[in-house]
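Containing mmCIF, N, CA and C atoms: entry_8.cif.
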data_entry
#
loop_
_atom_site.label_atom_id
_atom_site.label_comp_id
_atom_site.auth_asym_id
_atom_site.auth_seq_id
_atom_site.Cartn_x
_atom_site.Cartn_y
_atom_site.Cartn_z
N MET R 179 235.12 49.80 202.56
CA MET R 179 235.92 49.94 203.74
C MET R 179 236.39 51.38 203.93
N LEU R 180 236.83 52.00 202.84
CA LEU R 180 237.29 53.38 202.90
C LEU R 180 236.13 54.33 203.22
N ILE R 181 234.96 54.04 202.70
CA ILE R 181 233.78 54.87 202.95
C ILE R 181 233.44 54.84 204.44
N LYS R 182 233.48 53.66 205.05
CA LYS R 182 233.18 53.54 206.48
C LYS R 182 234.18 54.34 207.31
N PHE R 183 235.44 54.26 206.93
CA PHE R 183 236.47 55.01 207.64
C PHE R 183 236.23 56.52 207.52
N LEU R 184 235.90 56.99 206.32
CA LEU R 184 235.64 58.42 206.12
C LEU R 184 234.42 58.88 206.93
N ILE R 185 233.37 58.06 206.94
CA ILE R 185 232.17 58.41 207.72
C ILE R 185 232.52 58.46 209.21
N PHE R 186 233.28 57.49 209.69
CA PHE R 186 233.71 57.48 211.08
C PHE R 186 234.56 58.71 211.40
N ALA R 187 235.49 59.06 210.51
CA ALA R 187 236.37 60.21 210.72
C ALA R 187 235.56 61.51 210.77
N VAL R 188 234.60 61.65 209.86
CA VAL R 188 233.77 62.86 209.85
C VAL R 188 232.92 62.93 211.13
N ALA R 189 232.35 61.82 211.55
CA ALA R 189 231.54 61.80 212.77
C ALA R 189 232.40 62.14 213.99
N ALA R 190 233.60 61.58 214.05
CA ALA R 190 234.50 61.88 215.16
C ALA R 190 234.86 63.36 215.17
N PHE R 191 235.12 63.92 214.00
CA PHE R 191 235.45 65.34 213.90
C PHE R 191 234.29 66.22 214.37
N VAL R 192 233.08 65.88 213.97
CA VAL R 192 231.90 66.65 214.38
C VAL R 192 231.72 66.60 215.90
N VAL R 193 231.86 65.42 216.47
CA VAL R 193 231.75 65.28 217.93
C VAL R 193 232.84 66.09 218.62
N TRP R 194 234.05 66.03 218.13
CA TRP R 194 235.16 66.79 218.71
C TRP R 194 234.89 68.29 218.65
N LYS R 195 234.40 68.78 217.53
CA LYS R 195 234.09 70.21 217.38
C LYS R 195 232.97 70.62 218.35
N LEU R 196 231.98 69.76 218.55
CA LEU R 196 230.92 70.08 219.49
C LEU R 196 231.46 70.24 220.91
N PHE R 197 232.33 69.34 221.32
CA PHE R 197 232.90 69.42 222.67
C PHE R 197 233.82 70.62 222.81
N MET R 198 234.63 70.89 221.81
CA MET R 198 235.56 72.02 221.87
C MET R 198 234.79 73.34 221.86
N GLY R 199 233.73 73.42 221.09
CA GLY R 199 232.92 74.63 221.07
C GLY R 199 232.25 74.86 222.41
N ASP R 200 231.79 73.79 223.04
CA ASP R 200 231.15 73.90 224.35
C ASP R 200 232.16 74.37 225.39
N ARG R 201 233.38 73.87 225.32
CA ARG R 201 234.42 74.28 226.28
C ARG R 201 234.75 75.76 226.12
N LYS R 202 234.83 76.22 224.89
CA LYS R 202 235.14 77.63 224.64
C LYS R 202 234.01 78.52 225.14
N GLN R 203 232.76 78.11 224.93
CA GLN R 203 231.62 78.89 225.42
C GLN R 203 231.62 78.94 226.94
N LYS R 204 232.00 77.86 227.60
CA LYS R 204 232.07 77.83 229.06
C LYS R 204 233.13 78.79 229.57
N GLN R 205 234.27 78.86 228.89
CA GLN R 205 235.32 79.80 229.28
C GLN R 205 234.84 81.24 229.15
N VAL R 206 234.16 81.55 228.07
CA VAL R 206 233.63 82.90 227.87
C VAL R 206 232.58 83.22 228.94
N ARG R 207 231.70 82.27 229.22
CA ARG R 207 230.66 82.47 230.22
C ARG R 207 231.27 82.67 231.61
N ASP R 208 232.28 81.88 231.96
CA ASP R 208 232.94 82.02 233.26
C ASP R 208 233.63 83.37 233.39
N LYS R 209 234.27 83.83 232.31
CA LYS R 209 234.95 85.13 232.34
C LYS R 209 233.94 86.25 232.54
N LYS R 210 232.80 86.19 231.85
CA LYS R 210 231.77 87.22 232.02
C LYS R 210 231.22 87.20 233.43
N GLN R 211 231.03 86.01 234.00
CA GLN R 211 230.53 85.91 235.37
C GLN R 211 231.54 86.50 236.34
N GLU R 212 232.82 86.24 236.13
CA GLU R 212 233.86 86.81 236.99
C GLU R 212 233.87 88.33 236.90
N GLU R 213 233.72 88.87 235.69
CA GLU R 213 233.68 90.32 235.52
C GLU R 213 232.47 90.93 236.22
N ASN R 214 231.33 90.26 236.15
CA ASN R 214 230.13 90.75 236.82
C ASN R 214 230.30 90.73 238.34
N LEU R 215 230.90 89.67 238.86
CA LEU R 215 231.13 89.59 240.30
C LEU R 215 232.12 90.66 240.76
N ALA R 216 233.14 90.93 239.96
CA ALA R 216 234.11 91.97 240.31
C ALA R 216 233.45 93.34 240.28
N ALA R 217 232.59 93.57 239.30
CA ALA R 217 231.91 94.87 239.20
C ALA R 217 230.92 95.07 240.34
N SER R 218 230.33 93.99 240.83
CA SER R 218 229.35 94.12 241.90
C SER R 218 230.01 94.20 243.28
N GLY R 219 231.33 94.03 243.34
CA GLY R 219 232.03 94.10 244.61
C GLY R 219 232.11 92.78 245.33
N GLU R 220 231.65 91.70 244.72
CA GLU R 220 231.71 90.38 245.35
C GLU R 220 233.09 89.74 245.19
N MET R 221 233.89 90.30 244.28
CA MET R 221 235.25 89.79 244.09
C MET R 221 236.23 90.94 244.26
N VAL R 222 237.42 90.61 244.77
CA VAL R 222 238.47 91.61 244.95
C VAL R 222 239.74 91.10 244.30
N LYS R 223 240.67 92.01 244.08
CA LYS R 223 241.91 91.68 243.40
C LYS R 223 242.98 91.25 244.40
N ASP R 224 243.62 90.13 244.12
CA ASP R 224 244.74 89.66 244.93
C ASP R 224 245.86 90.70 244.80
N PRO R 225 246.39 91.22 245.91
CA PRO R 225 247.39 92.29 245.82
C PRO R 225 248.74 91.83 245.27
N ILE R 226 248.98 90.54 245.19
CA ILE R 226 250.27 90.05 244.68
C ILE R 226 250.20 89.75 243.19
N CYS R 227 249.29 88.87 242.78
CA CYS R 227 249.27 88.43 241.38
C CYS R 227 248.18 89.11 240.54
N GLY R 228 247.22 89.76 241.18
CA GLY R 228 246.18 90.47 240.43
C GLY R 228 244.99 89.63 240.04
N THR R 229 244.95 88.37 240.46
CA THR R 229 243.82 87.50 240.18
C THR R 229 242.61 87.96 241.00
N TYR R 230 241.42 87.88 240.41
CA TYR R 230 240.22 88.22 241.16
C TYR R 230 239.77 87.00 241.97
N VAL R 231 239.53 87.22 243.25
CA VAL R 231 239.07 86.15 244.15
C VAL R 231 237.82 86.62 244.87
N ARG R 232 237.06 85.67 245.37
CA ARG R 232 235.83 86.02 246.10
C ARG R 232 236.18 86.81 247.35
N LYS R 233 235.39 87.81 247.62
CA LYS R 233 235.61 88.69 248.77
C LYS R 233 235.58 87.90 250.07
N ASP R 234 234.82 86.83 250.12
CA ASP R 234 234.71 86.03 251.33
C ASP R 234 235.63 84.81 251.28
N GLY R 235 236.74 84.90 250.53
CA GLY R 235 237.69 83.80 250.41
C GLY R 235 238.32 83.43 251.75
N ASP R 236 238.88 82.23 251.81
CA ASP R 236 239.44 81.70 253.06
C ASP R 236 240.86 82.17 253.34
N ILE R 237 241.61 82.57 252.33
CA ILE R 237 243.01 82.94 252.54
C ILE R 237 243.08 84.46 252.69
N ARG R 238 243.25 84.91 253.95
CA ARG R 238 243.20 86.34 254.24
C ARG R 238 244.34 86.76 255.15
N VAL R 239 244.65 88.05 255.08
CA VAL R 239 245.60 88.68 256.00
C VAL R 239 245.03 90.04 256.36
N ARG R 240 245.01 90.33 257.65
CA ARG R 240 244.54 91.64 258.11
C ARG R 240 245.76 92.53 258.31
N GLN R 241 245.70 93.71 257.71
CA GLN R 241 246.76 94.71 257.86
C GLN R 241 246.09 95.99 258.35
N GLY R 242 246.10 96.20 259.65
CA GLY R 242 245.39 97.33 260.23
C GLY R 242 243.90 97.12 260.07
N ASP R 243 243.23 98.07 259.43
CA ASP R 243 241.79 97.96 259.18
C ASP R 243 241.47 97.27 257.86
N THR R 244 242.49 96.98 257.08
CA THR R 244 242.30 96.40 255.75
C THR R 244 242.47 94.89 255.80
N VAL R 245 241.57 94.19 255.14
CA VAL R 245 241.67 92.73 255.01
C VAL R 245 242.00 92.43 253.55
N HIS R 246 243.13 91.77 253.34
CA HIS R 246 243.55 91.37 252.00
C HIS R 246 243.16 89.91 251.79
N VAL R 247 242.62 89.59 250.61
CA VAL R 247 242.21 88.23 250.28
C VAL R 247 243.11 87.75 249.14
N PHE R 248 243.54 86.48 249.23
CA PHE R 248 244.51 85.95 248.28
C PHE R 248 243.96 84.73 247.54
N CYS R 249 244.53 84.48 246.36
CA CYS R 249 244.11 83.33 245.55
C CYS R 249 244.79 82.05 246.01
N SER R 250 245.95 82.17 246.65
CA SER R 250 246.69 80.97 247.07
C SER R 250 247.54 81.30 248.30
N TYR R 251 248.01 80.24 248.93
CA TYR R 251 248.89 80.42 250.08
C TYR R 251 250.24 80.98 249.65
N ASP R 252 250.67 80.70 248.42
CA ASP R 252 251.92 81.26 247.92
C ASP R 252 251.84 82.78 247.84
N CYS R 253 250.74 83.31 247.31
CA CYS R 253 250.57 84.76 247.24
C CYS R 253 250.51 85.36 248.65
N ARG R 254 249.80 84.69 249.53
CA ARG R 254 249.73 85.17 250.92
C ARG R 254 251.11 85.22 251.55
N ASP R 255 251.90 84.17 251.36
CA ASP R 255 253.24 84.12 251.94
C ASP R 255 254.14 85.22 251.36
N LYS R 256 254.03 85.48 250.05
CA LYS R 256 254.81 86.56 249.44
C LYS R 256 254.41 87.90 250.04
N PHE R 257 253.11 88.09 250.27
CA PHE R 257 252.62 89.34 250.86
C PHE R 257 253.17 89.51 252.28
N ILE R 258 253.14 88.46 253.07
CA ILE R 258 253.63 88.52 254.44
C ILE R 258 255.13 88.81 254.45
N LYS R 259 255.89 88.17 253.56
CA LYS R 259 257.33 88.44 253.49
C LYS R 259 257.60 89.89 253.11
N SER R 260 256.80 90.43 252.19
CA SER R 260 257.01 91.82 251.81
C SER R 260 256.65 92.76 252.95
N LEU R 261 255.65 92.40 253.75
CA LEU R 261 255.32 93.22 254.93
C LEU R 261 256.46 93.20 255.94
N GLU R 262 257.02 92.02 256.15
CA GLU R 262 258.13 91.88 257.08
C GLU R 262 259.35 92.64 256.61
N ALA R 263 259.55 92.69 255.30
CA ALA R 263 260.70 93.41 254.74
C ALA R 263 260.41 94.91 254.62
N GLY R 264 259.15 95.31 254.82
CA GLY R 264 258.77 96.73 254.74
C GLY R 264 258.61 97.23 253.32
N GLN R 265 258.33 96.34 252.39
CA GLN R 265 258.19 96.73 251.00
C GLN R 265 256.74 97.09 250.70
N ASP R 266 256.56 97.87 249.62
CA ASP R 266 255.22 98.17 249.12
C ASP R 266 254.76 96.99 248.29
N THR R 267 253.55 96.44 248.55
CA THR R 267 253.07 95.23 247.86
C THR R 267 252.27 95.53 246.61
N ALA R 268 251.92 96.77 246.36
CA ALA R 268 251.07 97.07 245.19
C ALA R 268 251.89 96.89 243.93
N GLU R 269 251.28 96.25 242.92
CA GLU R 269 251.94 96.08 241.63
C GLU R 269 251.40 97.09 240.66
#

Could you write out this file's structure as structure tokens?
Amino acid sequence: MLIKFLIFAVAAFVVWKLFMGDRKQKQVRDKKQEENLAASGEMVKDPICGTYVRKDGDIRVRQGDTVHVFCSYDCRDKFIKSLEAGQDTAE
């Protein structure tokens, strides 16, 4: 009975490690892809939080000739409030 439990525990541990290793590799792969897109100019930096977002993202604000792209509506709203208050938005 104890042997079966140990075999089951070892098998469960091996399966868990395989899934966790795969998740970590996916995170590394996604980060490298994001860096490549930023370097190629396909991604731009959110002026409020600094997150990289796709250049053709849906959440945008035009300020003169410049188009700012945001990661979320919260960042966009903070940017608009800072424009209304006349503050500098660069961090």

**Report entry** Between CA of Met221 (chain R) and CA of Ala263 (chain R) - distance in Å to one decimal
**Finding:**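 According to the coordinates, CA of Ala263 (chain R) and CA of Met221 (chain R) are separated by 27.8 Å.
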
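One finds atom N of Leu215 (chain R) at 24.3 Å from atom C of Arg254 (chain R).
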
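Going from atom C of Ile237 (chain R) over to atom N of Cys249 (chain R), you cover 6.5 Å.
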
Starting from the PyMOL selection byres ((chain R and resi 247) around 8), expand the selection into actual residues of this file and give them as a PDB file with N, CA and C atoms, in the frame of the given file.
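And here is the file that came out, part20.pdb:
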ATOM      1  N   VAL R 222     237.420  90.610 244.770  1.00  0.00           N
ATOM      2  CA  VAL R 222     238.470  91.610 244.950  1.00  0.00           C
ATOM      3  C   VAL R 222     239.740  91.100 244.300  1.00  0.00           C
ATOM      4  N   LYS R 223     240.670  92.010 244.080  1.00  0.00           N
ATOM      5  CA  LYS R 223     241.910  91.680 243.400  1.00  0.00           C
ATOM      6  C   LYS R 223     242.980  91.250 244.400  1.00  0.00           C
ATOM      7  N   ASP R 224     243.620  90.130 244.120  1.00  0.00           N
ATOM      8  CA  ASP R 224     244.740  89.660 244.930  1.00  0.00           C
ATOM      9  C   ASP R 224     245.860  90.700 244.800  1.00  0.00           C
ATOM     10  N   PRO R 225     246.390  91.220 245.910  1.00  0.00           N
ATOM     11  CA  PRO R 225     247.390  92.290 245.820  1.00  0.00           C
ATOM     12  C   PRO R 225     248.740  91.830 245.270  1.00  0.00           C
ATOM     13  N   ILE R 226     248.980  90.540 245.190  1.00  0.00           N
ATOM     14  CA  ILE R 226     250.270  90.050 244.680  1.00  0.00           C
ATOM     15  C   ILE R 226     250.200  89.750 243.190  1.00  0.00           C
ATOM     16  N   TYR R 230     241.420  87.880 240.410  1.00  0.00           N
ATOM     17  CA  TYR R 230     240.220  88.220 241.160  1.00  0.00           C
ATOM     18  C   TYR R 230     239.770  87.000 241.970  1.00  0.00           C
ATOM     19  N   VAL R 231     239.530  87.220 243.250  1.00  0.00           N
ATOM     20  CA  VAL R 231     239.070  86.150 244.150  1.00  0.00           C
ATOM     21  C   VAL R 231     237.820  86.620 244.870  1.00  0.00           C
ATOM     22  N   ARG R 232     237.060  85.670 245.370  1.00  0.00           N
ATOM     23  CA  ARG R 232     235.830  86.020 246.100  1.00  0.00           C
ATOM     24  C   ARG R 232     236.180  86.810 247.350  1.00  0.00           C
ATOM     25  N   LYS R 233     235.390  87.810 247.620  1.00  0.00           N
ATOM     26  CA  LYS R 233     235.610  88.690 248.770  1.00  0.00           C
ATOM     27  C   LYS R 233     235.580  87.900 250.070  1.00  0.00           C
ATOM     28  N   ASP R 234     234.820  86.830 250.120  1.00  0.00           N
ATOM     29  CA  ASP R 234     234.710  86.030 251.330  1.00  0.00           C
ATOM     30  C   ASP R 234     235.630  84.810 251.280  1.00  0.00           C
ATOM     31  N   GLY R 235     236.740  84.900 250.530  1.00  0.00           N
ATOM     32  CA  GLY R 235     237.690  83.800 250.410  1.00  0.00           C
ATOM     33  C   GLY R 235     238.320  83.430 251.750  1.00  0.00           C
ATOM     34  N   ASP R 236     238.880  82.230 251.810  1.00  0.00           N
ATOM     35  CA  ASP R 236     239.440  81.700 253.060  1.00  0.00           C
ATOM     36  C   ASP R 236     240.860  82.170 253.340  1.00  0.00           C
ATOM     37  N   ILE R 237     241.610  82.570 252.330  1.00  0.00           N
ATOM     38  CA  ILE R 237     243.010  82.940 252.540  1.00  0.00           C
ATOM     39  C   ILE R 237     243.080  84.460 252.690  1.00  0.00           C
ATOM     40  N   ARG R 238     243.250  84.910 253.950  1.00  0.00           N
ATOM     41  CA  ARG R 238     243.200  86.340 254.240  1.00  0.00           C
ATOM     42  C   ARG R 238     244.340  86.760 255.150  1.00  0.00           C
ATOM     43  N   VAL R 239     244.650  88.050 255.080  1.00  0.00           N
ATOM     44  CA  VAL R 239     245.600  88.680 256.000  1.00  0.00           C
ATOM     45  C   VAL R 239     245.030  90.040 256.360  1.00  0.00           C
ATOM     46  N   ARG R 240     245.010  90.330 257.650  1.00  0.00           N
ATOM     47  CA  ARG R 240     244.540  91.640 258.110  1.00  0.00           C
ATOM     48  C   ARG R 240     245.760  92.530 258.310  1.00  0.00           C
ATOM     49  N   THR R 244     242.490  96.980 257.080  1.00  0.00           N
ATOM     50  CA  THR R 244     242.300  96.400 255.750  1.00  0.00           C
ATOM     51  C   THR R 244     242.470  94.890 255.800  1.00  0.00           C
ATOM     52  N   VAL R 245     241.570  94.190 255.140  1.00  0.00           N
ATOM     53  CA  VAL R 245     241.670  92.730 255.010  1.00  0.00           C
ATOM     54  C   VAL R 245     242.000  92.430 253.550  1.00  0.00           C
ATOM     55  N   HIS R 246     243.130  91.770 253.340  1.00  0.00           N
ATOM     56  CA  HIS R 246     243.550  91.370 252.000  1.00  0.00           C
ATOM     57  C   HIS R 246     243.160  89.910 251.790  1.00  0.00           C
ATOM     58  N   PHE R 248     243.540  86.480 249.230  1.00  0.00           N
ATOM     59  CA  PHE R 248     244.510  85.950 248.280  1.00  0.00           C
ATOM     60  C   PHE R 248     243.960  84.730 247.540  1.00  0.00           C
ATOM     61  N   CYS R 249     244.530  84.480 246.360  1.00  0.00           N
ATOM     62  CA  CYS R 249     244.110  83.330 245.550  1.00  0.00           C
ATOM     63  C   CYS R 249     244.790  82.050 246.010  1.00  0.00           C
ATOM     64  N   SER R 250     245.950  82.170 246.650  1.00  0.00           N
ATOM     65  CA  SER R 250     246.690  80.970 247.070  1.00  0.00           C
ATOM     66  C   SER R 250     247.540  81.300 248.300  1.00  0.00           C
ATOM     67  N   CYS R 253     250.740  83.310 247.310  1.00  0.00           N
ATOM     68  CA  CYS R 253     250.570  84.760 247.240  1.00  0.00           C
ATOM     69  C   CYS R 253     250.510  85.360 248.650  1.00  0.00           C
ATOM     70  N   ARG R 254     249.800  84.690 249.530  1.00  0.00           N
ATOM     71  CA  ARG R 254     249.730  85.170 250.920  1.00  0.00           C
ATOM     72  C   ARG R 254     251.110  85.220 251.550  1.00  0.00           C
TER      73      ARG R 254
END

**Report entry** All helix (DSSP H, G or I) residues (DSSP, backbone) inside chain R, as a PyMOL selection string
**Finding:** chain R and resi 180-218+251-263

Would you output that residue set with N, CA and C atoms, as a short mmCIF file (atom, residue, chain, number, x, y, z; two decimals), in the coordinates of the input?
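Heads up, here's the output in part_36.cif:
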data_model
loop_
_atom_site.label_atom_id
_atom_site.label_comp_id
_atom_site.auth_asym_id
_atom_site.auth_seq_id
_atom_site.Cartn_x
_atom_site.Cartn_y
_atom_site.Cartn_z
N LEU R 180 236.83 52.00 202.84
CA LEU R 180 237.29 53.38 202.90
C LEU R 180 236.13 54.33 203.22
N ILE R 181 234.96 54.04 202.70
CA ILE R 181 233.78 54.87 202.95
C ILE R 181 233.44 54.84 204.44
N LYS R 182 233.48 53.66 205.05
CA LYS R 182 233.18 53.54 206.48
C LYS R 182 234.18 54.34 207.31
N PHE R 183 235.44 54.26 206.93
CA PHE R 183 236.47 55.01 207.64
C PHE R 183 236.23 56.52 207.52
N LEU R 184 235.90 56.99 206.32
CA LEU R 184 235.64 58.42 206.12
C LEU R 184 234.42 58.88 206.93
N ILE R 185 233.37 58.06 206.94
CA ILE R 185 232.17 58.41 207.72
C ILE R 185 232.52 58.46 209.21
N PHE R 186 233.28 57.49 209.69
CA PHE R 186 233.71 57.48 211.08
C PHE R 186 234.56 58.71 211.40
N ALA R 187 235.49 59.06 210.51
CA ALA R 187 236.37 60.21 210.72
C ALA R 187 235.56 61.51 210.77
N VAL R 188 234.60 61.65 209.86
CA VAL R 188 233.77 62.86 209.85
C VAL R 188 232.92 62.93 211.13
N ALA R 189 232.35 61.82 211.55
CA ALA R 189 231.54 61.80 212.77
C ALA R 189 232.40 62.14 213.99
N ALA R 190 233.60 61.58 214.05
CA ALA R 190 234.50 61.88 215.16
C ALA R 190 234.86 63.36 215.17
N PHE R 191 235.12 63.92 214.00
CA PHE R 191 235.45 65.34 213.90
C PHE R 191 234.29 66.22 214.37
N VAL R 192 233.08 65.88 213.97
CA VAL R 192 231.90 66.65 214.38
C VAL R 192 231.72 66.60 215.90
N VAL R 193 231.86 65.42 216.47
CA VAL R 193 231.75 65.28 217.93
C VAL R 193 232.84 66.09 218.62
N TRP R 194 234.05 66.03 218.13
CA TRP R 194 235.16 66.79 218.71
C TRP R 194 234.89 68.29 218.65
N LYS R 195 234.40 68.78 217.53
CA LYS R 195 234.09 70.21 217.38
C LYS R 195 232.97 70.62 218.35
N LEU R 196 231.98 69.76 218.55
CA LEU R 196 230.92 70.08 219.49
C LEU R 196 231.46 70.24 220.91
N PHE R 197 232.33 69.34 221.32
CA PHE R 197 232.90 69.42 222.67
C PHE R 197 233.82 70.62 222.81
N MET R 198 234.63 70.89 221.81
CA MET R 198 235.56 72.02 221.87
C MET R 198 234.79 73.34 221.86
N GLY R 199 233.73 73.42 221.09
CA GLY R 199 232.92 74.63 221.07
C GLY R 199 232.25 74.86 222.41
N ASP R 200 231.79 73.79 223.04
CA ASP R 200 231.15 73.90 224.35
C ASP R 200 232.16 74.37 225.39
N ARG R 201 233.38 73.87 225.32
CA ARG R 201 234.42 74.28 226.28
C ARG R 201 234.75 75.76 226.12
N LYS R 202 234.83 76.22 224.89
CA LYS R 202 235.14 77.63 224.64
C LYS R 202 234.01 78.52 225.14
N GLN R 203 232.76 78.11 224.93
CA GLN R 203 231.62 78.89 225.42
C GLN R 203 231.62 78.94 226.94
N LYS R 204 232.00 77.86 227.60
CA LYS R 204 232.07 77.83 229.06
C LYS R 204 233.13 78.79 229.57
N GLN R 205 234.27 78.86 228.89
CA GLN R 205 235.32 79.80 229.28
C GLN R 205 234.84 81.24 229.15
N VAL R 206 234.16 81.55 228.07
CA VAL R 206 233.63 82.90 227.87
C VAL R 206 232.58 83.22 228.94
N ARG R 207 231.70 82.27 229.22
CA ARG R 207 230.66 82.47 230.22
C ARG R 207 231.27 82.67 231.61
N ASP R 208 232.28 81.88 231.96
CA ASP R 208 232.94 82.02 233.26
C ASP R 208 233.63 83.37 233.39
N LYS R 209 234.27 83.83 232.31
CA LYS R 209 234.95 85.13 232.34
C LYS R 209 233.94 86.25 232.54
N LYS R 210 232.80 86.19 231.85
CA LYS R 210 231.77 87.22 232.02
C LYS R 210 231.22 87.20 233.43
N GLN R 211 231.03 86.01 234.00
CA GLN R 211 230.53 85.91 235.37
C GLN R 211 231.54 86.50 236.34
N GLU R 212 232.82 86.24 236.13
CA GLU R 212 233.86 86.81 236.99
C GLU R 212 233.87 88.33 236.90
N GLU R 213 233.72 88.87 235.69
CA GLU R 213 233.68 90.32 235.52
C GLU R 213 232.47 90.93 236.22
N ASN R 214 231.33 90.26 236.15
CA ASN R 214 230.13 90.75 236.82
C ASN R 214 230.30 90.73 238.34
N LEU R 215 230.90 89.67 238.86
CA LEU R 215 231.13 89.59 240.30
C LEU R 215 232.12 90.66 240.76
N ALA R 216 233.14 90.93 239.96
CA ALA R 216 234.11 91.97 240.31
C ALA R 216 233.45 93.34 240.28
N ALA R 217 232.59 93.57 239.30
CA ALA R 217 231.91 94.87 239.20
C ALA R 217 230.92 95.07 240.34
N SER R 218 230.33 93.99 240.83
CA SER R 218 229.35 94.12 241.90
C SER R 218 230.01 94.20 243.28
N TYR R 251 248.01 80.24 248.93
CA TYR R 251 248.89 80.42 250.08
C TYR R 251 250.24 80.98 249.65
N ASP R 252 250.67 80.70 248.42
CA ASP R 252 251.92 81.26 247.92
C ASP R 252 251.84 82.78 247.84
N CYS R 253 250.74 83.31 247.31
CA CYS R 253 250.57 84.76 247.24
C CYS R 253 250.51 85.36 248.65
N ARG R 254 249.80 84.69 249.53
CA ARG R 254 249.73 85.17 250.92
C ARG R 254 251.11 85.22 251.55
N ASP R 255 251.90 84.17 251.36
CA ASP R 255 253.24 84.12 251.94
C ASP R 255 254.14 85.22 251.36
N LYS R 256 254.03 85.48 250.05
CA LYS R 256 254.81 86.56 249.44
C LYS R 256 254.41 87.90 250.04
N PHE R 257 253.11 88.09 250.27
CA PHE R 257 252.62 89.34 250.86
C PHE R 257 253.17 89.51 252.28
N ILE R 258 253.14 88.46 253.07
CA ILE R 258 253.63 88.52 254.44
C ILE R 258 255.13 88.81 254.45
N LYS R 259 255.89 88.17 253.56
CA LYS R 259 257.33 88.44 253.49
C LYS R 259 257.60 89.89 253.11
N SER R 260 256.80 90.43 252.19
CA SER R 260 257.01 91.82 251.81
C SER R 260 256.65 92.76 252.95
N LEU R 261 255.65 92.40 253.75
CA LEU R 261 255.32 93.22 254.93
C LEU R 261 256.46 93.20 255.94
N GLU R 262 257.02 92.02 256.15
CA GLU R 262 258.13 91.88 257.08
C GLU R 262 259.35 92.64 256.61
N ALA R 263 259.55 92.69 255.30
CA ALA R 263 260.70 93.41 254.74
C ALA R 263 260.41 94.91 254.62
#

Using DSSP on the backbone coordinates, identify the residues of chain R assigned to strand (DSSP E); present them as a short mmCIF file (atom, residue, chain, number, x, y, z; two decimals) with N, CA and C atoms, in the frame of the given file.
data_model
loop_
_atom_site.label_atom_id
_atom_site.label_comp_id
_atom_site.auth_asym_id
_atom_site.auth_seq_id
_atom_site.Cartn_x
_atom_site.Cartn_y
_atom_site.Cartn_z
N MET R 221 233.89 90.30 244.28
CA MET R 221 235.25 89.79 244.09
C MET R 221 236.23 90.94 244.26
N VAL R 222 237.42 90.61 244.77
CA VAL R 222 238.47 91.61 244.95
C VAL R 222 239.74 91.10 244.30
N LYS R 223 240.67 92.01 244.08
CA LYS R 223 241.91 91.68 243.40
C LYS R 223 242.98 91.25 244.40
N TYR R 230 241.42 87.88 240.41
CA TYR R 230 240.22 88.22 241.16
C TYR R 230 239.77 87.00 241.97
N VAL R 231 239.53 87.22 243.25
CA VAL R 231 239.07 86.15 244.15
C VAL R 231 237.82 86.62 244.87
N ARG R 232 237.06 85.67 245.37
CA ARG R 232 235.83 86.02 246.10
C ARG R 232 236.18 86.81 247.35
N ARG R 238 243.25 84.91 253.95
CA ARG R 238 243.20 86.34 254.24
C ARG R 238 244.34 86.76 255.15
N VAL R 239 244.65 88.05 255.08
CA VAL R 239 245.60 88.68 256.00
C VAL R 239 245.03 90.04 256.36
N ARG R 240 245.01 90.33 257.65
CA ARG R 240 244.54 91.64 258.11
C ARG R 240 245.76 92.53 258.31
N GLN R 241 245.70 93.71 257.71
CA GLN R 241 246.76 94.71 257.86
C GLN R 241 246.09 95.99 258.35
N THR R 244 242.49 96.98 257.08
CA THR R 244 242.30 96.40 255.75
C THR R 244 242.47 94.89 255.80
N VAL R 245 241.57 94.19 255.14
CA VAL R 245 241.67 92.73 255.01
C VAL R 245 242.00 92.43 253.55
N HIS R 246 243.13 91.77 253.34
CA HIS R 246 243.55 91.37 252.00
C HIS R 246 243.16 89.91 251.79
N VAL R 247 242.62 89.59 250.61
CA VAL R 247 242.21 88.23 250.28
C VAL R 247 243.11 87.75 249.14
#

Please supply region 215-221 of chain R, rebuilt with N, CA, C and O atoms, as a JSON list (two decimals), in the frame of the given file.
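selection.json written:
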[["chain", "number", "residue", "atom", "x", "y", "z"],
["R", 215, "LEU", "N", 230.90, 89.67, 238.86],
["R", 215, "LEU", "CA", 231.13, 89.59, 240.30],
["R", 215, "LEU", "C", 232.12, 90.66, 240.76],
["R", 215, "LEU", "O", 231.95, 91.25, 241.83],
["R", 216, "ALA", "N", 233.14, 90.93, 239.96],
["R", 216, "ALA", "CA", 234.11, 91.97, 240.31],
["R", 216, "ALA", "C", 233.45, 93.34, 240.28],
["R", 216, "ALA", "O", 233.68, 94.18, 241.16],
["R", 217, "ALA", "N", 232.59, 93.57, 239.30],
["R", 217, "ALA", "CA", 231.91, 94.87, 239.20],
["R", 217, "ALA", "C", 230.92, 95.07, 240.34],
["R", 217, "ALA", "O", 230.72, 96.20, 240.80],
["R", 218, "SER", "N", 230.33, 93.99, 240.83],
["R", 218, "SER", "CA", 229.35, 94.12, 241.90],
["R", 218, "SER", "C", 230.01, 94.20, 243.28],
["R", 218, "SER", "O", 229.33, 94.40, 244.28],
["R", 219, "GLY", "N", 231.33, 94.03, 243.34],
["R", 219, "GLY", "CA", 232.03, 94.10, 244.61],
["R", 219, "GLY", "C", 232.11, 92.78, 245.33],
["R", 219, "GLY", "O", 232.61, 92.72, 246.45],
["R", 220, "GLU", "N", 231.65, 91.70, 244.72],
["R", 220, "GLU", "CA", 231.71, 90.38, 245.35],
["R", 220, "GLU", "C", 233.09, 89.74, 245.19],
["R", 220, "GLU", "O", 233.41, 88.78, 245.87],
["R", 221, "MET", "N", 233.89, 90.30, 244.28],
["R", 221, "MET", "CA", 235.25, 89.79, 244.09],
["R", 221, "MET", "C", 236.23, 90.94, 244.26],
["R", 221, "MET", "O", 235.92, 92.08, 243.95]]
